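Chemist: Contents of upload_17.cif (mmCIF, C-alpha atoms) are given next:
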```
data_query
loop_
_atom_site.group_PDB
_atom_site.id
_atom_site.type_symbol
_atom_site.label_atom_id
_atom_site.label_comp_id
_atom_site.auth_asym_id
_atom_site.auth_seq_id
_atom_site.Cartn_x
_atom_site.Cartn_y
_atom_site.Cartn_z
ATOM 1 C CA GLN A 940 0.000 0.000 0.000
ATOM 2 C CA GLN A 941 2.958 2.292 0.640
ATOM 3 C CA GLN A 942 3.549 4.691 -2.250
ATOM 4 C CA VAL A 943 5.917 7.035 -0.417
ATOM 5 C CA LYS A 944 9.493 5.971 0.327
ATOM 6 C CA GLN A 945 11.368 7.819 3.045
ATOM 7 C CA SER A 946 15.056 7.902 3.947
ATOM 8 C CA PRO A 947 17.073 7.677 6.071
ATOM 9 C CA GLN A 948 15.452 5.440 8.662
ATOM 10 C CA SER A 949 17.392 7.187 11.408
ATOM 11 C CA LEU A 950 19.515 10.320 11.608
ATOM 12 C CA ILE A 951 21.865 11.721 14.231
ATOM 13 C CA VAL A 952 22.802 15.406 14.014
ATOM 14 C CA GLN A 953 24.761 17.695 16.283
ATOM 15 C CA LYS A 954 23.030 20.701 17.824
ATOM 16 C CA GLY A 955 23.114 23.581 15.373
ATOM 17 C CA GLY A 956 23.497 21.339 12.357
ATOM 18 C CA ILE A 957 21.174 20.782 9.409
ATOM 19 C CA SER A 958 18.891 17.738 9.351
ATOM 20 C CA ILE A 959 17.782 16.517 5.931
ATOM 21 C CA ILE A 960 15.113 13.878 5.347
ATOM 22 C CA ASN A 961 14.147 12.717 1.881
ATOM 23 C CA CYS A 962 11.009 11.246 0.359
ATOM 24 C CA ALA A 963 10.134 9.875 -3.048
ATOM 25 C CA TYR A 964 6.656 9.206 -4.372
ATOM 26 C CA GLU A 965 5.281 7.159 -7.240
ATOM 27 C CA ASN A 966 1.822 8.512 -7.972
ATOM 28 C CA THR A 967 1.956 11.666 -10.114
ATOM 29 C CA ALA A 968 -1.623 12.461 -9.094
ATOM 30 C CA PHE A 969 -0.455 13.353 -5.586
ATOM 31 C CA ASP A 970 -0.846 17.087 -5.048
ATOM 32 C CA TYR A 971 -0.410 17.654 -1.323
ATOM 33 C CA PHE A 972 2.774 16.797 0.549
ATOM 34 C CA PRO A 973 2.818 17.329 4.324
ATOM 35 C CA TRP A 974 5.431 16.535 6.917
ATOM 36 C CA TYR A 975 4.389 15.350 10.343
ATOM 37 C CA GLN A 976 6.387 15.301 13.582
ATOM 38 C CA GLN A 977 5.682 12.632 16.187
ATOM 39 C CA PHE A 978 6.986 12.506 19.744
ATOM 40 C CA PRO A 979 6.869 9.267 21.773
ATOM 41 C CA GLY A 980 3.379 8.579 23.112
ATOM 42 C CA LYS A 981 1.806 11.246 20.925
ATOM 43 C CA GLY A 982 0.044 11.334 17.595
ATOM 44 C CA PRO A 983 1.655 12.931 14.539
ATOM 45 C CA ALA A 984 1.425 16.737 14.377
ATOM 46 C CA LEU A 985 1.409 18.662 11.101
ATOM 47 C CA LEU A 986 4.700 20.514 10.722
ATOM 48 C CA ILE A 987 4.651 21.993 7.227
ATOM 49 C CA ALA A 988 3.083 21.140 3.868
ATOM 50 C CA ILE A 989 3.614 21.983 0.215
ATOM 51 C CA ARG A 990 1.697 21.743 -3.035
ATOM 52 C CA PRO A 991 3.449 20.989 -6.346
ATOM 53 C CA ASP A 992 2.990 24.481 -7.798
ATOM 54 C CA VAL A 993 5.942 25.733 -5.721
ATOM 55 C CA SER A 994 9.471 24.333 -5.394
ATOM 56 C CA GLU A 995 10.169 25.457 -1.837
ATOM 57 C CA LYS A 996 8.315 26.472 1.293
ATOM 58 C CA LYS A 997 9.900 27.807 4.453
ATOM 59 C CA GLU A 998 8.416 28.165 7.916
ATOM 60 C CA GLY A 999 10.894 29.249 10.550
ATOM 61 C CA ARG A 1000 13.704 26.675 10.730
ATOM 62 C CA PHE A 1001 11.774 24.161 8.593
ATOM 63 C CA THR A 1002 11.947 24.110 4.782
ATOM 64 C CA ILE A 1003 10.383 21.758 2.252
ATOM 65 C CA SER A 1004 12.130 21.423 -1.103
ATOM 66 C CA PHE A 1005 10.025 19.905 -3.882
ATOM 67 C CA ASN A 1006 11.247 18.448 -7.190
ATOM 68 C CA LYS A 1007 8.229 17.553 -9.313
ATOM 69 C CA SER A 1008 10.183 16.053 -12.217
ATOM 70 C CA ALA A 1009 12.128 13.739 -9.913
ATOM 71 C CA LYS A 1010 9.035 13.002 -7.797
ATOM 72 C CA GLN A 1011 10.983 13.809 -4.664
ATOM 73 C CA PHE A 1012 10.628 16.166 -1.743
ATOM 74 C CA SER A 1013 12.700 16.786 1.333
ATOM 75 C CA LEU A 1014 12.545 18.376 4.757
ATOM 76 C CA HIS A 1015 15.419 20.541 5.940
ATOM 77 C CA ILE A 1016 15.684 21.501 9.607
ATOM 78 C CA MET A 1017 18.123 24.346 10.074
ATOM 79 C CA ASP A 1018 19.932 24.976 13.374
ATOM 80 C CA SER A 1019 18.677 21.623 14.710
ATOM 81 C CA GLN A 1020 17.917 21.569 18.438
ATOM 82 C CA PRO A 1021 17.640 18.693 20.944
ATOM 83 C CA GLY A 1022 13.913 19.496 21.171
ATOM 84 C CA ASP A 1023 13.615 18.549 17.495
ATOM 85 C CA SER A 1024 14.427 14.942 18.397
ATOM 86 C CA ALA A 1025 11.353 13.039 17.201
ATOM 87 C CA THR A 1026 10.143 10.811 14.386
ATOM 88 C CA TYR A 1027 9.324 12.619 11.161
ATOM 89 C CA PHE A 1028 6.908 11.320 8.538
ATOM 90 C CA CYS A 1029 6.432 12.529 5.019
ATOM 91 C CA ALA A 1030 3.054 11.945 3.414
ATOM 92 C CA ALA A 1031 1.170 12.506 0.183
ATOM 93 C CA SER A 1032 -2.435 12.665 -0.940
ATOM 94 C CA LYS A 1033 -4.275 13.463 -4.141
ATOM 95 C CA GLY A 1034 -7.030 15.940 -4.807
ATOM 96 C CA ASN A 1035 -10.039 15.383 -2.645
ATOM 97 C CA ASN A 1036 -8.998 11.847 -1.894
ATOM 98 C CA ASN A 1037 -9.066 11.099 1.796
ATOM 99 C CA ASP A 1038 -6.391 8.404 1.734
ATOM 100 C CA MET A 1039 -3.153 10.003 2.847
ATOM 101 C CA ARG A 1040 -0.097 7.794 2.279
ATOM 102 C CA PHE A 1041 2.717 8.032 4.823
ATOM 103 C CA GLY A 1042 6.380 7.179 4.603
ATOM 104 C CA ALA A 1043 7.869 4.757 7.115
ATOM 105 C CA GLY A 1044 9.355 7.545 9.237
ATOM 106 C CA THR A 1045 12.783 8.905 10.186
ATOM 107 C CA ARG A 1046 13.914 8.924 13.784
ATOM 108 C CA LEU A 1047 15.917 12.113 14.319
ATOM 109 C CA THR A 1048 18.240 12.504 17.281
ATOM 110 C CA VAL A 1049 19.868 15.883 17.855
ATOM 111 C CA LYS A 1050 22.849 15.618 20.206
ATOM 112 C CA PRO A 1051 23.608 18.567 22.530
ATOM 113 C CA GLU B 276 -10.581 24.862 21.533
ATOM 114 C CA THR B 277 -9.978 21.210 22.356
ATOM 115 C CA GLY B 278 -7.972 18.863 20.188
ATOM 116 C CA VAL B 279 -8.684 15.264 19.241
ATOM 117 C CA THR B 280 -9.156 12.961 22.215
ATOM 118 C CA GLN B 281 -9.019 9.171 22.099
ATOM 119 C CA SER B 282 -9.936 6.541 24.632
ATOM 120 C CA PRO B 283 -8.718 4.321 26.069
ATOM 121 C CA THR B 284 -4.995 5.110 25.857
ATOM 122 C CA HIS B 285 -3.940 1.488 26.282
ATOM 123 C CA LEU B 286 -5.778 -1.791 25.883
ATOM 124 C CA ILE B 287 -4.878 -5.468 26.092
ATOM 125 C CA LYS B 288 -7.160 -8.001 24.412
ATOM 126 C CA THR B 289 -7.054 -11.712 23.692
ATOM 127 C CA ARG B 290 -7.006 -13.093 20.161
ATOM 128 C CA GLY B 291 -10.563 -13.595 18.886
ATOM 129 C CA GLN B 292 -12.082 -10.895 21.070
ATOM 130 C CA GLN B 293 -13.736 -7.705 19.898
ATOM 131 C CA VAL B 294 -12.647 -4.139 20.725
ATOM 132 C CA THR B 295 -14.152 -0.653 20.445
ATOM 133 C CA LEU B 296 -11.996 2.454 20.329
ATOM 134 C CA ARG B 297 -13.395 5.962 20.678
ATOM 135 C CA CYS B 298 -12.515 9.365 19.297
ATOM 136 C CA SER B 299 -13.801 12.885 19.837
ATOM 137 C CA SER B 300 -12.977 15.209 16.979
ATOM 138 C CA GLN B 301 -11.555 18.709 17.279
ATOM 139 C CA SER B 302 -14.128 21.464 17.596
ATOM 140 C CA GLY B 303 -15.315 22.586 14.161
ATOM 141 C CA HIS B 304 -14.165 19.400 12.418
ATOM 142 C CA ASN B 305 -16.830 17.201 10.809
ATOM 143 C CA THR B 306 -14.623 14.430 9.444
ATOM 144 C CA VAL B 307 -12.850 11.637 11.276
ATOM 145 C CA SER B 308 -10.253 9.296 9.795
ATOM 146 C CA TRP B 309 -8.765 6.235 11.439
ATOM 147 C CA TYR B 310 -5.209 5.036 10.920
ATOM 148 C CA GLN B 311 -3.284 1.995 12.114
ATOM 149 C CA GLN B 312 0.377 2.528 12.989
ATOM 150 C CA ALA B 313 2.420 -0.624 13.493
ATOM 151 C CA LEU B 314 5.628 -0.336 15.503
ATOM 152 C CA GLY B 315 8.316 1.433 13.507
ATOM 153 C CA GLN B 316 5.999 2.137 10.570
ATOM 154 C CA GLY B 317 4.031 5.048 9.212
ATOM 155 C CA PRO B 318 0.270 5.279 9.732
ATOM 156 C CA GLN B 319 -1.926 3.343 7.310
ATOM 157 C CA PHE B 320 -5.402 4.536 6.339
ATOM 158 C CA ILE B 321 -8.254 2.350 7.630
ATOM 159 C CA PHE B 322 -11.311 4.441 6.761
ATOM 160 C CA GLN B 323 -12.901 7.854 7.064
ATOM 161 C CA TYR B 324 -16.296 9.036 8.271
ATOM 162 C CA TYR B 325 -17.949 12.188 7.004
ATOM 163 C CA ARG B 326 -21.478 13.207 7.988
ATOM 164 C CA GLU B 327 -22.017 9.844 9.677
ATOM 165 C CA GLU B 328 -21.239 7.843 6.522
ATOM 166 C CA GLU B 329 -18.123 5.918 5.538
ATOM 167 C CA ASN B 330 -16.267 8.079 3.025
ATOM 168 C CA GLY B 331 -13.460 5.884 1.774
ATOM 169 C CA ARG B 332 -11.659 2.803 3.023
ATOM 170 C CA GLY B 333 -8.128 1.501 2.876
ATOM 171 C CA ASN B 334 -6.964 -2.066 2.460
ATOM 172 C CA PHE B 335 -8.448 -3.443 5.681
ATOM 173 C CA PRO B 336 -10.857 -6.400 6.043
ATOM 174 C CA PRO B 337 -14.553 -5.979 6.933
ATOM 175 C CA ARG B 338 -13.910 -6.971 10.546
ATOM 176 C CA PHE B 339 -12.690 -3.383 10.888
ATOM 177 C CA SER B 340 -15.819 -1.239 11.066
ATOM 178 C CA GLY B 341 -16.782 2.149 12.389
ATOM 179 C CA LEU B 342 -19.427 4.658 13.268
ATOM 180 C CA GLN B 343 -19.728 8.421 13.386
ATOM 181 C CA PHE B 344 -22.241 10.136 15.613
ATOM 182 C CA PRO B 345 -24.170 13.405 15.084
ATOM 183 C CA ASN B 346 -21.645 15.252 17.278
ATOM 184 C CA TYR B 347 -18.895 13.992 14.870
ATOM 185 C CA SER B 348 -17.309 11.690 17.431
ATOM 186 C CA SER B 349 -16.451 8.251 16.111
ATOM 187 C CA GLU B 350 -15.842 4.628 17.059
ATOM 188 C CA LEU B 351 -13.571 2.024 15.522
ATOM 189 C CA ASN B 352 -14.644 -1.581 16.070
ATOM 190 C CA VAL B 353 -12.441 -4.570 15.376
ATOM 191 C CA ASN B 354 -13.908 -8.083 15.529
ATOM 192 C CA ALA B 355 -12.095 -11.403 15.772
ATOM 193 C CA LEU B 356 -8.843 -9.805 16.879
ATOM 194 C CA GLU B 357 -5.613 -11.214 15.487
ATOM 195 C CA LEU B 358 -2.101 -10.863 16.855
ATOM 196 C CA ASP B 359 -1.170 -8.641 13.892
ATOM 197 C CA ASP B 360 -3.824 -6.146 14.970
ATOM 198 C CA SER B 361 -1.471 -5.052 17.737
ATOM 199 C CA ALA B 362 -0.666 -1.442 16.882
ATOM 200 C CA LEU B 363 -1.250 2.203 17.731
ATOM 201 C CA TYR B 364 -4.646 3.271 16.413
ATOM 202 C CA LEU B 365 -4.811 6.923 15.522
ATOM 203 C CA CYS B 366 -7.856 9.070 14.996
ATOM 204 C CA ALA B 367 -7.526 12.247 12.939
ATOM 205 C CA SER B 368 -10.104 14.941 12.422
ATOM 206 C CA SER B 369 -10.289 17.511 9.656
ATOM 207 C CA PRO B 370 -12.651 20.265 8.564
ATOM 208 C CA SER B 371 -13.629 18.368 5.429
ATOM 209 C CA GLY B 372 -13.327 14.989 3.802
ATOM 210 C CA ALA B 373 -10.216 15.919 1.851
ATOM 211 C CA ALA B 374 -6.849 14.914 3.266
ATOM 212 C CA ASN B 375 -5.235 18.038 1.866
ATOM 213 C CA TYR B 376 -6.935 20.278 4.392
ATOM 214 C CA GLY B 377 -4.614 18.823 6.999
ATOM 215 C CA TYR B 378 -5.289 16.352 9.747
ATOM 216 C CA THR B 379 -5.234 16.857 13.504
ATOM 217 C CA PHE B 380 -4.288 13.585 15.146
ATOM 218 C CA GLY B 381 -5.093 12.339 18.613
ATOM 219 C CA SER B 382 -2.475 10.623 20.773
ATOM 220 C CA GLY B 383 -3.800 7.217 19.842
ATOM 221 C CA THR B 384 -4.876 3.990 21.504
ATOM 222 C CA ARG B 385 -2.163 1.374 21.971
ATOM 223 C CA LEU B 386 -3.815 -2.021 21.366
ATOM 224 C CA THR B 387 -1.992 -5.190 22.311
ATOM 225 C CA VAL B 388 -3.479 -8.531 21.253
ATOM 226 C CA VAL B 389 -2.163 -11.559 23.134
#
```
Would you write the structure of this file as structure tokens?

Modeler:
Amino acid sequence: QQQVKQSPQSLIVQKGGISIINCAYENTAFDYFPWYQQFPGKGPALLIAIRPDVSEKKEGRFTISFNKSAKQFSLHIMDSQPGDSATYFCAASKGNNNDMRFGAGTRLTVKP
Amino acid sequence: ETGVTQSPTHLIKTRGQQVTLRCSSQSGHNTVSWYQQALGQGPQFIFQYYREEENGRGNFPPRFSGLQFPNYSSELNVNALELDDSALYLCASSPSGAANYGYTFGSGTRLTVV
């Protein structure tokens, strides 16, 4: 069922560094690409989302880069902080379809 | 404004039993979606309820069923539990039936089937 492939599975970054998580999708009908952040014992929380009519979206320290021709998108976390340590999921959905497909997740650890 | 609340938080059931999980949607949201998240995996879509009717279903067998009530709260029922049903069950509400309006997830119900 998975149509979104996410890498790496885990990532360790030093405080102040840049965290980069990548996702690739198969279905060209997808037109909404969110990133969710999940802390242990909590549900995923929407972090930032992009639509394919733009190549980049920035919100604070979080940036999504989108490459429509390559069917790839990535999350960049600038100036990573220990509080950013969590599992990050990319996802994709199409039009008014209610079935959002999630990647398998990336466990980010930011070391002080 | 309250978020999405789920109950119970944890549950242990025996194989073959039935279970009901509950979800109260965020204020102003009329749509509830249910997801299953196995350990170390991303959430997988089970089904969605909009205006008390099922509005789409993922690749899950009929023993997974649900309800939505007039106040937009929802239940997920699973019959004939199997060991592989052990997972975190997430409820997400949204202001419409489209996923691209963004979901608000609850903290989930951790179901263990023994």

Chemist: Name every residue that the PyMOL selection byres ((chain B) within 9 of (chain A)) selects in this structure, writing the answer as an MDAnalysis selection string with chains first and numbers rising.

Modeler: chainID B and resid 308 315:323 330:334 365:367 372:375 377:383

Chemist: Which neighbours of region 1006-1012 of chain A fall inside 6 Å, counting only C-alpha atoms, when residues of the same chain fewer than 2 positions from it are skipped, and could you give them as a list of chain:residue names?

Modeler: A:Cys962, A:Ala963, A:Tyr964, A:Ser1004

Chemist: Name the residues that the PyMOL selection byres ((chain B and resi 342-352) around 9) picks from the file above, as a VMD selection string, using the file's chain letters and numbers.

Modeler: chain B and resid 293 to 300 304 to 309 324 to 329 338 to 341 353 to 354 366

Chemist: Between CA of Val279 (chain B) and CA of Leu386 (chain B), what is the distance, to one decimal in Å?

Modeler: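 Between CA of Val279 (chain B) and CA of Leu386 (chain B) the gap works out to 18.1 Å.
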
Chemist: Take CA of Met1017 (chain A) and CA of Lys944 (chain A) and report the distance between them in Å, one decimal.

Modeler: 22.5 Å

Chemist: Is there a way to complete region 303-314 of chain B with all heavy atoms and then write that out as a tab-separated table (two decimals), in the frame of the given file?

Modeler:
```
chain	number	residue	atom	x	y	z
B	303	GLY	N	-15.24	22.03	15.51
B	303	GLY	CA	-15.32	22.59	14.16
B	303	GLY	C	-14.98	21.61	13.05
B	303	GLY	O	-15.13	21.93	11.87
B	304	HIS	N	-14.51	20.41	13.42
B	304	HIS	CA	-14.16	19.40	12.42
B	304	HIS	C	-15.30	18.40	12.29
B	304	HIS	O	-15.80	17.88	13.28
B	304	HIS	CB	-12.89	18.66	12.82
B	304	HIS	CG	-11.65	19.48	12.66
B	304	HIS	ND1	-10.39	18.95	12.87
B	304	HIS	CD2	-11.46	20.77	12.31
B	304	HIS	CE1	-9.49	19.89	12.64
B	304	HIS	NE2	-10.11	21.01	12.31
B	305	ASN	N	-15.71	18.11	11.03
B	305	ASN	CA	-16.83	17.20	10.81
B	305	ASN	C	-16.41	15.85	10.24
B	305	ASN	O	-17.25	15.01	9.94
B	305	ASN	CB	-17.86	17.85	9.87
B	305	ASN	CG	-17.26	18.21	8.52
B	305	ASN	OD1	-16.19	17.73	8.15
B	305	ASN	ND2	-17.95	19.06	7.78
B	306	THR	N	-15.13	15.64	10.09
B	306	THR	CA	-14.62	14.43	9.44
B	306	THR	C	-13.63	13.73	10.36
B	306	THR	O	-12.77	14.39	10.96
B	306	THR	CB	-13.93	14.80	8.12
B	306	THR	OG1	-14.86	15.48	7.29
B	306	THR	CG2	-13.42	13.56	7.41
B	307	VAL	N	-13.76	12.42	10.46
B	307	VAL	CA	-12.85	11.64	11.28
B	307	VAL	C	-12.27	10.51	10.44
B	307	VAL	O	-13.00	9.80	9.74
B	307	VAL	CB	-13.57	11.05	12.51
B	307	VAL	CG1	-12.67	10.05	13.23
B	307	VAL	CG2	-13.99	12.16	13.46
B	308	SER	N	-10.95	10.38	10.48
B	308	SER	CA	-10.25	9.30	9.80
B	308	SER	C	-9.54	8.44	10.83
B	308	SER	O	-9.05	8.96	11.83
B	308	SER	CB	-9.23	9.86	8.80
B	308	SER	OG	-9.85	10.71	7.87
B	309	TRP	N	-9.47	7.16	10.55
B	309	TRP	CA	-8.76	6.24	11.44
B	309	TRP	C	-7.55	5.66	10.72
B	309	TRP	O	-7.63	5.30	9.53
B	309	TRP	CB	-9.70	5.10	11.86
B	309	TRP	CG	-10.74	5.51	12.86
B	309	TRP	CD1	-12.00	5.97	12.60
B	309	TRP	CD2	-10.61	5.49	14.29
B	309	TRP	NE1	-12.66	6.23	13.78
B	309	TRP	CE2	-11.82	5.95	14.83
B	309	TRP	CE3	-9.58	5.14	15.17
B	309	TRP	CZ2	-12.04	6.05	16.21
B	309	TRP	CZ3	-9.80	5.24	16.54
B	309	TRP	CH2	-11.02	5.70	17.04
B	310	TYR	N	-6.46	5.58	11.45
B	310	TYR	CA	-5.21	5.04	10.92
B	310	TYR	C	-4.66	3.99	11.89
B	310	TYR	O	-4.83	4.10	13.11
B	310	TYR	CB	-4.16	6.14	10.74
B	310	TYR	CG	-4.36	6.98	9.50
B	310	TYR	CD1	-5.32	7.98	9.46
B	310	TYR	CD2	-3.59	6.75	8.36
B	310	TYR	CE1	-5.50	8.74	8.31
B	310	TYR	CE2	-3.76	7.51	7.21
B	310	TYR	CZ	-4.73	8.50	7.20
B	310	TYR	OH	-4.90	9.25	6.05
B	311	GLN	N	-3.99	3.00	11.32
B	311	GLN	CA	-3.28	2.00	12.11
B	311	GLN	C	-1.79	2.23	11.95
B	311	GLN	O	-1.30	2.34	10.82
B	311	GLN	CB	-3.64	0.59	11.63
B	311	GLN	CG	-2.94	-0.53	12.41
B	311	GLN	CD	-3.02	-1.87	11.70
B	311	GLN	OE1	-2.46	-2.05	10.63
B	311	GLN	NE2	-3.74	-2.83	12.30
B	312	GLN	N	-1.07	2.33	13.05
B	312	GLN	CA	0.38	2.53	12.99
B	312	GLN	C	1.07	1.37	13.70
B	312	GLN	O	1.09	1.30	14.93
B	312	GLN	CB	0.78	3.86	13.61
B	312	GLN	CG	2.26	4.18	13.45
B	312	GLN	CD	2.66	5.54	14.01
B	312	GLN	OE1	1.94	6.15	14.80
B	312	GLN	NE2	3.80	6.03	13.58
B	313	ALA	N	1.64	0.47	12.92
B	313	ALA	CA	2.42	-0.62	13.49
B	313	ALA	C	3.75	-0.08	13.99
B	313	ALA	O	4.20	0.99	13.55
B	313	ALA	CB	2.65	-1.70	12.44
B	314	LEU	N	4.37	-0.79	14.90
B	314	LEU	CA	5.63	-0.34	15.50
B	314	LEU	C	6.69	-0.09	14.44
B	314	LEU	O	6.94	-0.95	13.60
B	314	LEU	CB	6.10	-1.39	16.51
B	314	LEU	CG	7.08	-0.92	17.58
B	314	LEU	CD1	6.45	0.17	18.43
B	314	LEU	CD2	7.53	-2.09	18.44
```
